[in-house]
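Contents: one structure, followed by commentary.
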Amino acid sequence: MNWQSESQLEDLIKMLVRWDSRSGTQGEIDFPHKLKAEMEATLPREHLNIDLIDSGRARHALTAAYMKEANADTVILISHFDTVHTDEFGKNEHMAFDVDALTRHYEAHRAGFKPDVVKDIASGEYLFGRGIMDMKMGLALHMNILERAIHESWAVNVIVLTVPDEEVDSAGMRHAVAHLNAFRETHGLTYSLILNSEPSFSLHPDDDKYYIYTGSIGKIMPATLFYGVETHAGEPLKGLNALYMSAYLTKNLEFSDVFREEDMNESTPPPITLKTMDLKNDYSTQTTNHVASLSNVFTLKQQADEIFGKYEGLVNDSMAELQRDYERIMETNAVSRPFEVTVMSYTELSRYAVEKLGEARVREIMDLYTGNDFLDDRVRSTMIIDDLMEECRELAPVAVNYFAPPYYPPVNNTGDPLIQSITDYTEETLGSRDIDVSVINYFNGISDLSYVAYQGDAESWKSYEANTPVWGETYTIPFKDMEALDTPFINIGPFGKDPHKLTERLHKESAFKTTPTLLQDIIRHFFKA
């Protein structure tokens, strides 16, 4: 066998890291084809079924399924192969995908790092590289399991699923869910467990505890387009600056507890503004009349309709505060007719635009942006609203609330009997090796587990659909397929540190010894492999 020993696993992860697969690049497109070729050249073809799943924009997810005749019980192993970009490496960017070169470089230049990084470099226990922790080692572990299952003729079926685009919009996983359901029906399978192997994240620099996760935190992006009234900078009282409008929401949203949730002694991080876009393209002494603000909100139990209701309340309060301050300023400057700011949803704007412009014109505006493959869905959503407002300027000044993709619904499996048994087994097994283990109910790094189940209700997702301008055009979430998948899930992966940083690193003993043994033992123990 080729992927079983510690040295073989180390060679495997170095190869996977070397295959540059940054999100949105040709490398991401090429990766599953390289992986398919490697699997076909390395694994026995008997009982092996490899498929590529169209994920849009020439990208593909890959499934490699080991199946024995008359077997129904099936374990699905999910991972993602795309990585974030490497700009932060600067002049060392050429080494970002060369594990040996980068690790040696850091050993020779350790003095420039923080003490916790210096300690790890000096220990010789870590390997460095973009994607080595997040999360190509998870894929390597699944390849290790697949090879073992084939060679030992396990009694349980094993499906390895690895997807693109997790770091951006999770298009890979969203497309794969329907494939998994169809594959189950075609082959008469019973899905018994979905195992993700995102890495164990340390919670602080000196944290060496090993974590496993029985759920995944939700992420949603409520947004607002502020459409003001432009004016010359020399006559500011004759308009209402959209930047001024957006500042009130930013002030009231940042670190707010409006969306705060607690569940099983875990809580959500506070909301934050991820991006503010001034849609005025040129420089001039005219004020801007259109600014978009995109916010990040984490969830544990709350669904889209609840978040939108709270967000609308926050925007209403912010605009009411602005109105009070603005009217005092106007009164001080003897302006008799101040503007009055209104708030509306994208659904309300769309309905108004159809009544005024007709469905054909609104469709034309939609097509202008949804048909442009060079725009991402956040820009598309914002520009659709901006163009509608261009033709409905009588509504200004107005704050239009909407959702911008992506949406990761929260999921949790802590109470499932199988998952409880697996966590107990993991704690006992690793505890016997003096490894400190803790169970986290919500993986807070955001993961594709959000799409293996849907734990909300139909009404809650209707709010998301109605207020997402690109819904059904360039962005969808397979809510019904997620409900149908209905399989216990858990996240157990290798230990590492600093995902998305130039010091991203993987703990060698955890990756090449502890975790592969643990994952194989779990499958053997619970599914009589």
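Identifiers for the structure tokens are assigned positionally: chains receive A, B, ... in sequence, residues are indexed from 1 per chain, and ligands are indexed from 1 in the order shown.
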Self-check item: Shell around segment 239-252 of chain A at 6 Å using only C-alpha atoms, local window under 6 positions removed, as a PyMOL selection string
Solution: chain A and resi 226-231+287-291+318
Could those residues be written to a file, using C-alpha atoms, as an mmCIF file, in the first residue's frame?
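The result, stored in out_13.cif:
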```
data_model
loop_
_atom_site.group_PDB
_atom_site.id
_atom_site.type_symbol
_atom_site.label_atom_id
_atom_site.label_comp_id
_atom_site.auth_asym_id
_atom_site.auth_seq_id
_atom_site.Cartn_x
_atom_site.Cartn_y
_atom_site.Cartn_z
ATOM 1 C CA PHE A 226 -27.718 53.185 1.234
ATOM 2 C CA TYR A 227 -29.020 55.368 -1.562
ATOM 3 C CA GLY A 228 -28.709 59.013 -0.654
ATOM 4 C CA VAL A 229 -28.995 62.326 -2.483
ATOM 5 C CA GLU A 230 -25.863 63.597 -4.217
ATOM 6 C CA THR A 231 -24.724 67.202 -3.955
ATOM 7 C CA THR A 287 -20.822 63.403 -2.797
ATOM 8 C CA THR A 288 -21.623 59.755 -3.246
ATOM 9 C CA ASN A 289 -25.239 58.720 -3.326
ATOM 10 C CA HIS A 290 -24.775 54.937 -3.166
ATOM 11 C CA VAL A 291 -22.841 52.882 -0.629
ATOM 12 C CA SER A 318 -29.816 53.423 12.986
#
```
Self-check item: Near-segment 344-356 of chain A list (9 Å; only C-alpha atoms; drop same-chain fewer than 5 positions) as a VMD selection string
Solution: chain A and resid 224 312 361 to 362 385 388 to 389 391 to 392 398 to 403 466 to 469
Self-check item: Who sits within 9 Å of segment 73-77 of chain A, only C-alpha atoms, same chain under 2 positions skipped, as a ChimeraX atom specification
Solution: /A:65,67,71,79,139,142,155-162,189-197,523,527
Could you give me, as a short mmCIF file (atom, residue, chain, number, x, y, z; two decimals) with C-alpha atoms, in the first residue's frame, the residues within 12 Å of Leu48 of chain A, counting only C-alpha atoms and dropping anything in the same chain fewer than 4 positions from it?
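Written file, result.cif:
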```cif
data_model
loop_
_atom_site.label_atom_id
_atom_site.label_comp_id
_atom_site.auth_asym_id
_atom_site.auth_seq_id
_atom_site.Cartn_x
_atom_site.Cartn_y
_atom_site.Cartn_z
CA LYS A 36 -8.41 11.27 -10.15
CA MET A 39 -6.12 7.47 -7.50
CA GLU A 40 -6.54 5.49 -10.71
CA THR A 42 -2.46 3.91 -7.22
CA LEU A 43 -5.61 2.12 -6.09
CA PRO A 44 -6.95 -1.27 -7.24
CA THR A 63 -16.12 11.23 -5.32
CA ALA A 64 -14.17 8.01 -4.97
CA ALA A 65 -16.43 5.23 -3.71
CA TYR A 66 -15.39 1.82 -2.41
CA MET A 67 -18.43 -0.47 -2.49
CA LYS A 68 -18.85 -4.17 -1.80
CA GLU A 69 -21.73 -6.06 -3.32
CA LEU A 146 -10.04 4.49 1.29
CA GLU A 147 -6.88 2.57 0.43
CA ALA A 149 -10.79 -0.27 3.03
CA ILE A 150 -10.06 -1.55 -0.48
CA HIS A 151 -7.05 -3.66 0.47
CA SER A 153 -12.09 -5.58 1.89
CA ASN A 157 -18.74 1.13 2.04
CA VAL A 158 -16.56 4.25 1.98
CA ILE A 159 -17.16 7.34 -0.17
CA VAL A 160 -14.44 10.01 -0.32
#
```
Out of segment 170-233 of chain A, which residues get strand (DSSP E) from DSSP, as an mmCIF file with N, CA and C atoms, in the first residue's frame?
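states_6.cif was written with the following content:
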```
data_model
loop_
_atom_site.group_PDB
_atom_site.id
_atom_site.type_symbol
_atom_site.label_atom_id
_atom_site.label_comp_id
_atom_site.auth_asym_id
_atom_site.auth_seq_id
_atom_site.Cartn_x
_atom_site.Cartn_y
_atom_site.Cartn_z
ATOM 1 N N THR A 190 -27.246 2.847 2.422
ATOM 2 C CA THR A 190 -27.682 3.498 3.655
ATOM 3 C C THR A 190 -26.520 4.349 4.158
ATOM 4 N N TYR A 191 -26.716 5.648 4.203
ATOM 5 C CA TYR A 191 -25.657 6.523 4.699
ATOM 6 C C TYR A 191 -25.689 6.515 6.226
ATOM 7 N N SER A 192 -24.615 6.018 6.822
ATOM 8 C CA SER A 192 -24.568 5.825 8.267
ATOM 9 C C SER A 192 -23.859 6.957 8.996
ATOM 10 N N LEU A 193 -22.873 7.577 8.335
ATOM 11 C CA LEU A 193 -22.091 8.633 8.985
ATOM 12 C C LEU A 193 -21.454 9.512 7.922
ATOM 13 N N ILE A 194 -21.467 10.827 8.178
ATOM 14 C CA ILE A 194 -20.681 11.773 7.388
ATOM 15 C C ILE A 194 -19.565 12.287 8.290
ATOM 16 N N LEU A 195 -18.343 12.045 7.877
ATOM 17 C CA LEU A 195 -17.170 12.450 8.663
ATOM 18 C C LEU A 195 -16.407 13.518 7.904
ATOM 19 N N ASN A 196 -16.377 14.714 8.453
ATOM 20 C CA ASN A 196 -15.541 15.780 7.915
ATOM 21 C C ASN A 196 -14.228 15.776 8.697
ATOM 22 N N SER A 200 -8.325 20.427 13.794
ATOM 23 C CA SER A 200 -8.600 20.887 15.152
ATOM 24 C C SER A 200 -7.934 22.247 15.338
ATOM 25 N N PHE A 201 -8.730 23.273 15.609
ATOM 26 C CA PHE A 201 -8.231 24.639 15.735
ATOM 27 C C PHE A 201 -7.860 24.933 17.186
ATOM 28 N N TYR A 210 -6.717 18.993 21.855
ATOM 29 C CA TYR A 210 -7.269 18.392 20.639
ATOM 30 C C TYR A 210 -8.793 18.492 20.696
ATOM 31 N N TYR A 211 -9.388 19.070 19.656
ATOM 32 C CA TYR A 211 -10.833 19.280 19.629
ATOM 33 C C TYR A 211 -11.495 18.443 18.536
ATOM 34 N N ILE A 212 -12.663 17.929 18.861
ATOM 35 C CA ILE A 212 -13.541 17.340 17.855
ATOM 36 C C ILE A 212 -14.851 18.107 17.899
ATOM 37 N N TYR A 213 -15.586 18.093 16.785
ATOM 38 C CA TYR A 213 -16.711 19.010 16.635
ATOM 39 C C TYR A 213 -17.970 18.242 16.220
ATOM 40 N N GLY A 215 -20.865 19.827 15.428
ATOM 41 C CA GLY A 215 -21.712 20.736 14.670
ATOM 42 C C GLY A 215 -20.853 21.791 14.017
ATOM 43 N N SER A 216 -21.501 22.711 13.299
ATOM 44 C CA SER A 216 -20.767 23.773 12.619
ATOM 45 C C SER A 216 -21.559 25.072 12.722
ATOM 46 N N GLY A 218 -23.176 28.690 12.014
ATOM 47 C CA GLY A 218 -23.781 29.279 10.830
ATOM 48 C C GLY A 218 -23.207 30.650 10.541
ATOM 49 N N LYS A 219 -23.260 31.030 9.274
ATOM 50 C CA LYS A 219 -22.803 32.359 8.853
ATOM 51 C C LYS A 219 -23.796 32.894 7.826
ATOM 52 N N ILE A 220 -24.202 34.148 8.022
ATOM 53 C CA ILE A 220 -25.127 34.775 7.091
ATOM 54 C C ILE A 220 -24.711 36.223 6.911
ATOM 55 N N PRO A 222 -26.325 39.661 6.087
ATOM 56 C CA PRO A 222 -27.287 40.725 5.806
ATOM 57 C C PRO A 222 -26.540 41.963 5.305
ATOM 58 N N ALA A 223 -27.158 42.686 4.406
ATOM 59 C CA ALA A 223 -26.490 43.821 3.770
ATOM 60 C C ALA A 223 -27.491 44.940 3.530
ATOM 61 N N THR A 224 -26.967 46.144 3.315
ATOM 62 C CA THR A 224 -27.820 47.295 3.033
ATOM 63 C C THR A 224 -27.175 48.159 1.959
ATOM 64 N N LEU A 225 -27.976 48.561 0.984
ATOM 65 C CA LEU A 225 -27.547 49.588 0.040
ATOM 66 C C LEU A 225 -28.150 50.910 0.503
ATOM 67 N N PHE A 226 -27.282 51.851 0.838
ATOM 68 C CA PHE A 226 -27.718 53.185 1.234
ATOM 69 C C PHE A 226 -27.719 54.065 -0.013
ATOM 70 N N TYR A 227 -28.881 54.521 -0.376
ATOM 71 C CA TYR A 227 -29.020 55.368 -1.562
ATOM 72 C C TYR A 227 -29.421 56.756 -1.099
#
```
Self-check item: Distance query Gly496 of chain A at most 8 Å, only C-alpha atoms, self and fewer than 2 positions along chain excluded, as a list in words
Solution: Met133, Pro199, Ser200, Phe201, Ser202, Pro494, Asp498, Pro499, Glu504, Arg505, Leu506 and His507 of chain A
Residues just named, written with C-alpha atoms as a PDB file, in the first residue's frame:
```
ATOM      1  CA  MET A 133      -3.706  22.276   7.675  1.00  0.00           C
ATOM      2  CA  PRO A 199      -8.429  20.462  11.420  1.00  0.00           C
ATOM      3  CA  SER A 200      -8.600  20.887  15.152  1.00  0.00           C
ATOM      4  CA  PHE A 201      -8.231  24.639  15.735  1.00  0.00           C
ATOM      5  CA  SER A 202      -6.339  25.920  18.785  1.00  0.00           C
ATOM      6  CA  PRO A 494      -5.628  16.598  12.527  1.00  0.00           C
ATOM      7  CA  ASP A 498      -2.810  29.443  12.093  1.00  0.00           C
ATOM      8  CA  PRO A 499      -5.134  28.631   9.177  1.00  0.00           C
ATOM      9  CA  GLU A 504      -0.190  27.820   8.778  1.00  0.00           C
ATOM     10  CA  ARG A 505       1.235  24.578  10.118  1.00  0.00           C
ATOM     11  CA  LEU A 506       0.432  20.934  10.728  1.00  0.00           C
ATOM     12  CA  HIS A 507       1.424  18.834  13.736  1.00  0.00           C
TER      13      HIS A 507
END
```
Applying 7 Å and only C-alpha atoms, which residues near segment 458-465 of chain A remain after dropping the ones on its own chain fewer than 4 positions away? List them as a PDB file with N, CA and C atoms, in the first residue's frame.
```pdb
ATOM      1  N   GLN A 303     -32.416  31.214  12.438  1.00  0.00           N
ATOM      2  CA  GLN A 303     -32.538  30.984  11.010  1.00  0.00           C
ATOM      3  C   GLN A 303     -32.620  32.330  10.269  1.00  0.00           C
ATOM      4  N   ALA A 304     -32.667  32.259   8.953  1.00  0.00           N
ATOM      5  CA  ALA A 304     -32.560  33.461   8.126  1.00  0.00           C
ATOM      6  C   ALA A 304     -33.650  34.486   8.419  1.00  0.00           C
ATOM      7  N   ASP A 305     -34.886  34.024   8.621  1.00  0.00           N
ATOM      8  CA  ASP A 305     -35.971  34.981   8.851  1.00  0.00           C
ATOM      9  C   ASP A 305     -35.787  35.732  10.166  1.00  0.00           C
ATOM     10  N   PHE A 403     -29.932  40.185   1.455  1.00  0.00           N
ATOM     11  CA  PHE A 403     -28.917  39.198   1.804  1.00  0.00           C
ATOM     12  C   PHE A 403     -27.912  39.089   0.664  1.00  0.00           C
ATOM     13  N   TRP A 471     -30.795  35.025  -6.040  1.00  0.00           N
ATOM     14  CA  TRP A 471     -31.333  33.692  -5.746  1.00  0.00           C
ATOM     15  C   TRP A 471     -31.990  33.086  -6.982  1.00  0.00           C
TER      16      TRP A 471
END
```
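Rounded to one decimal, atom CA of Asp424 of chain A and atom CA of His525 of chain A lie 12.5 Å from each other.
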Self-check item: alpha helix (DSSP H) residues, from DSSP on the backbone, in segment 263-391 of chain A, as number ranges by chain
Solution: A: 304-332, 346-357, 359-370, 377-390
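Straight-line separation from atom CA of Gly138 of chain A to atom CA of Leu9 of chain A: 11.2 Å.
The residue that comes closest to Ser510 of chain A, out of A:Phe259, A:Tyr425, A:Asp208, A:Gly112 and on the basis of only C-alpha atoms, is A:Asp208.
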Practice problem: Find the distance between atom CA of Leu35 of chain A and atom CA of Leu62 of chain A and write it in Å to one decimal. | Solution: 8.4 Å
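Distances to Ser295 of chain A were evaluated for A:Asn444, A:Asn49, A:Ser256, A:Thr332 using only C-alpha atoms, and the minimum falls at A:Ser256.
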Quiz item: Within 10 Å of Lys513 of chain A, counting only C-alpha atoms, which residues qualify if same-chain residues fewer than 4 places away don't, as an NGL selection string?
Solution: :A and (4-7 or 9 or 494 or 508-509 or 517-518)
Quiz item: Which of these residues is nearest to Pro405 of chain A, using only C-alpha atoms: A:Ile384, A:Ile477, A:Met1, A:Ile422?
Solution: A:Ile477
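With only C-alpha atoms as the atoms that count, the minimum distance from Ala61 of chain A to the choices A:Leu127, A:Ile78, A:Leu375, A:Ile490 is reached by A:Ile78.
The residue that comes closest to Val343 of chain A, out of A:Pro236, A:Pro397, A:Pro269, A:Gly309 and on the basis of only C-alpha atoms, is A:Pro397.
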